[in-house]
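Trainee: Contents of work16.pdb (PDB, C-alpha atoms, pLDDT in the B column) are below:
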ATOM      1  CA  MET A  22       6.135   0.004   5.262  1.00 62.00           C
ATOM      2  CA  LYS A  23       3.965   2.113   3.120  1.00 80.00           C
ATOM      3  CA  GLY A  24       3.139   5.128   5.250  1.00 86.00           C
ATOM      4  CA  THR A  25       0.083   7.337   4.959  1.00 89.00           C
ATOM      5  CA  ILE A  26      -0.808  10.384   2.909  1.00 91.00           C
ATOM      6  CA  ARG A  27      -3.304  12.952   4.104  1.00 91.00           C
ATOM      7  CA  ARG A  28      -4.566  16.042   2.375  1.00 90.00           C
ATOM      8  CA  ARG A  29      -4.435  19.245   4.406  1.00 87.00           C
ATOM      9  CA  LYS A  30      -5.926  22.596   3.526  1.00 83.00           C
ATOM     10  CA  PRO A  31      -3.895  25.420   5.018  1.00 75.00           C
ATOM     11  CA  ALA A  32      -4.938  29.062   4.618  1.00 70.00           C
ATOM     12  CA  THR A  33      -3.532  29.136   1.097  1.00 72.00           C
ATOM     13  CA  GLY A  34      -3.741  26.307  -1.415  1.00 76.00           C
ATOM     14  CA  CYS A  35      -3.463  22.666  -0.478  1.00 87.00           C
ATOM     15  CA  LYS A  36      -0.728  20.377   0.779  1.00 91.00           C
ATOM     16  CA  TRP A  37      -0.145  16.670   1.180  1.00 92.00           C
ATOM     17  CA  VAL A  38       1.489  15.233   4.295  1.00 93.00           C
ATOM     18  CA  TYR A  39       3.273  11.891   3.974  1.00 93.00           C
ATOM     19  CA  ARG A  40       3.865  10.254   7.367  1.00 93.00           C
ATOM     20  CA  TYR A  41       6.009   7.185   7.950  1.00 89.00           C
ATOM     21  CA  TYR A  42       8.191   5.485  10.550  1.00 87.00           C
ATOM     22  CA  ASP A  43      11.924   5.450   9.912  1.00 81.00           C
ATOM     23  CA  GLN A  44      14.234   2.518  10.668  1.00 78.00           C
ATOM     24  CA  GLU A  45      14.535   3.589  14.321  1.00 83.00           C
ATOM     25  CA  ARG A  46      10.707   3.554  14.546  1.00 85.00           C
ATOM     26  CA  LYS A  47      10.499   7.337  14.845  1.00 89.00           C
ATOM     27  CA  LEU A  48       7.534   9.036  13.208  1.00 92.00           C
ATOM     28  CA  LYS A  49       8.582  11.305  10.350  1.00 91.00           C
ATOM     29  CA  GLN A  50       6.654  13.419   7.902  1.00 92.00           C
ATOM     30  CA  ILE A  51       7.278  15.122   4.581  1.00 92.00           C
ATOM     31  CA  THR A  52       5.094  17.882   3.181  1.00 92.00           C
ATOM     32  CA  PHE A  53       4.300  18.166  -0.524  1.00 92.00           C
ATOM     33  CA  TYR A  54       2.486  21.155  -1.971  1.00 90.00           C
ATOM     34  CA  SER A  55      -0.241  20.899  -4.577  1.00 88.00           C
ATOM     35  CA  ARG A  56       1.617  23.226  -6.939  1.00 88.00           C
ATOM     36  CA  THR A  57       4.255  20.565  -7.552  1.00 90.00           C
ATOM     37  CA  HIS A  58       2.247  17.445  -6.597  1.00 90.00           C
ATOM     38  CA  PRO A  59      -1.421  18.031  -7.518  1.00 89.00           C
ATOM     39  CA  THR A  60      -2.665  14.471  -6.879  1.00 89.00           C
ATOM     40  CA  GLU A  61      -2.132  11.782  -4.263  1.00 90.00           C
ATOM     41  CA  ALA A  62      -0.684   9.536  -6.968  1.00 91.00           C
ATOM     42  CA  ASP A  63       2.024  12.154  -7.576  1.00 91.00           C
ATOM     43  CA  VAL A  64       2.956  12.021  -3.895  1.00 91.00           C
ATOM     44  CA  TRP A  65       3.125   8.208  -3.895  1.00 90.00           C
ATOM     45  CA  LYS A  66       5.403   8.383  -6.920  1.00 90.00           C
ATOM     46  CA  ALA A  67       7.597  10.996  -5.224  1.00 89.00           C
ATOM     47  CA  THR A  68       7.984   8.817  -2.114  1.00 89.00           C
ATOM     48  CA  GLU A  69       8.721   5.606  -4.000  1.00 87.00           C
ATOM     49  CA  ARG A  70      12.519   5.801  -3.617  1.00 84.00           C
ATOM     50  CA  LEU A  71      12.276   6.611   0.074  1.00 83.00           C
ATOM     51  CA  ARG A  72       9.909   3.693   0.692  1.00 83.00           C
ATOM     52  CA  HIS A  73      12.196   1.349  -1.238  1.00 81.00           C
ATOM     53  CA  LYS A  74      15.189   2.473   0.839  1.00 81.00           C
ATOM     54  CA  LEU A  75      13.331   2.102   4.139  1.00 79.00           C
ATOM     55  CA  ASN A  76      12.031  -1.347   3.238  1.00 77.00           C
ATOM     56  CA  ALA A  77      15.355  -2.739   1.987  1.00 78.00           C
ATOM     57  CA  GLY A  78      16.218  -5.899   3.880  1.00 70.00           C
ATOM     58  CA  THR A  79      12.782  -6.236   5.497  1.00 69.00           C
ATOM     59  CA  ASP A  80       9.860  -8.524   4.774  1.00 64.00           C
ATOM     60  CA  TYR A  81       8.255  -5.654   2.876  1.00 62.00           C
ATOM     61  CA  SER A  82      11.012  -5.754   0.264  1.00 58.00           C
ATOM     62  CA  ARG A  83      10.363  -9.347  -0.734  1.00 61.00           C
ATOM     63  CA  VAL A  84       7.924  -9.475  -3.606  1.00 61.00           C
ATOM     64  CA  GLU A  85       6.543 -12.813  -4.588  1.00 63.00           C
ATOM     65  CA  ARG A  86       4.975 -13.405  -7.950  1.00 67.00           C
ATOM     66  CA  ILE A  87       1.547 -14.907  -7.614  1.00 71.00           C
ATOM     67  CA  SER A  88      -0.742 -16.029 -10.390  1.00 78.00           C
ATOM     68  CA  VAL A  89      -4.493 -15.592 -10.517  1.00 81.00           C
ATOM     69  CA  SER A  90      -4.983 -19.335 -10.134  1.00 78.00           C
ATOM     70  CA  MET A  91      -2.782 -19.352  -7.006  1.00 76.00           C
ATOM     71  CA  ALA A  92      -4.808 -16.499  -5.530  1.00 78.00           C
ATOM     72  CA  LEU A  93      -8.041 -18.294  -6.403  1.00 77.00           C
ATOM     73  CA  ASP A  94      -6.819 -21.521  -4.776  1.00 77.00           C
ATOM     74  CA  GLN A  95      -5.888 -19.627  -1.638  1.00 77.00           C
ATOM     75  CA  TRP A  96      -9.302 -17.937  -1.577  1.00 79.00           C
ATOM     76  CA  LEU A  97     -11.107 -21.262  -2.033  1.00 75.00           C
ATOM     77  CA  ASP A  98      -9.076 -22.763   0.813  1.00 77.00           C
ATOM     78  CA  SER A  99     -10.117 -19.889   3.075  1.00 79.00           C
ATOM     79  CA  LEU A 100     -13.846 -20.502   2.539  1.00 78.00           C
ATOM     80  CA  THR A 101     -15.479 -22.431   5.339  1.00 75.00           C
ATOM     81  CA  GLY A 102     -19.049 -23.402   6.007  1.00 78.00           C
ATOM     82  CA  LEU A 103     -20.127 -23.546   2.366  1.00 77.00           C
ATOM     83  CA  LYS A 104     -22.046 -26.402   0.826  1.00 82.00           C
ATOM     84  CA  ALA A 105     -20.104 -28.823  -1.356  1.00 81.00           C
ATOM     85  CA  GLN A 106     -22.142 -27.821  -4.410  1.00 85.00           C
ATOM     86  CA  THR A 107     -21.237 -24.144  -3.896  1.00 82.00           C
ATOM     87  CA  LEU A 108     -17.528 -24.984  -3.662  1.00 74.00           C
ATOM     88  CA  ARG A 109     -17.759 -27.074  -6.854  1.00 78.00           C
ATOM     89  CA  CYS A 110     -19.380 -24.148  -8.689  1.00 82.00           C
ATOM     90  CA  TYR A 111     -16.731 -21.723  -7.433  1.00 74.00           C
ATOM     91  CA  SER A 112     -13.859 -23.988  -8.440  1.00 70.00           C
ATOM     92  CA  ARG A 113     -14.912 -24.432 -12.070  1.00 65.00           C
TER
END
Would you put the structure from the file into structure tokens?
Mentor:
Amino acid sequence: MKGTIRRRKPATGCKWVYRYYDQERKLKQITFYSRTHPTEADVWKATERLRHKLNAGTDYSRVERISVSMALDQWLDSLTGLKAQTLRCYSR
């Protein structure tokens, strides 16, 4: 689970709202203010521990290493309806 981040503009300043579902599937949200977290990347970094904790023991926590050639092979396998010559050019 990654959650979503939205930028809100209240009367003063700016805030970020991070929304996610907890382990009981209840919608939760955390507010971050632009004074302490000026960019969206700062908010993602601040929520990293929480996301790791929520995803522990789920399919989201399993990270598989994949090489570029593996990704390319998978992409080539997903192509359908192309001429044989096109596939040969792509696979070089």
Trainee: Taking the file as shown, find all residues satisfying the PyMOL selection byres ((chain A and resi 52) around 6) and write them as a list in words.
Mentor: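 Output of the PyMOL selection byres ((chain A and resi 52) around 6): Trp37, Val38, Ile51 and Phe53 of chain A.
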Trainee: Please, what distance in Å, to one decimal, runs between atom CA of A:Glu61 and atom CA of A:Ile26?
Mentor: 7.4 Å
Trainee: Can you list, as a list in words, the residues that the PyMOL selection byres ((chain A and resi 50) around 6) selects here?
Mentor: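 That selection, the PyMOL selection byres ((chain A and resi 50) around 6), comes back as Tyr39, Arg40, Lys49 and Ile51 of chain A.
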Trainee: Have a look at atom CA of A:Ser55 and atom CA of A:Glu69 and let me know their distance in Å, one decimal.
Mentor: 17.7 Å
Trainee: One decimal, Å: what's the distance from atom CA of A:Lys23 over to atom CA of A:Thr57, could you say?
Mentor: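 A separation of 21.3 Å between them.
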Trainee: Run the PyMOL selection byres ((chain A and resi 71) around 12) on the file and write out the hits as a PyMOL selection string.
Mentor: chain A and resi 22-24+39-44+49-51+64-70+72-77
Trainee: Identify the residues around (-17.6, -21.5, -7.3) within a radius of 12 Å, measuring from all atoms listed in the file in the coordinates stated by the file, and give them as number ranges by chain.
Mentor: A: 93-94, 96-98, 100, 103-113
Trainee: Restricting the calculation to only C-alpha atoms, which member of A:Cys35, A:Arg46, A:Arg27, A:Ser88 is positioned closest to A:Ala62?
Mentor: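 So, comparing all the options, the nearest one is A:Arg27.
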Trainee: Which residues are close to A:Gly34, i.e. within 9 Å by all atoms listed in the file, leaving aside same-chain residues fewer than 2 positions away? Reply as a ChimeraX atom specification.
Mentor: /A:30-32,36,54-56
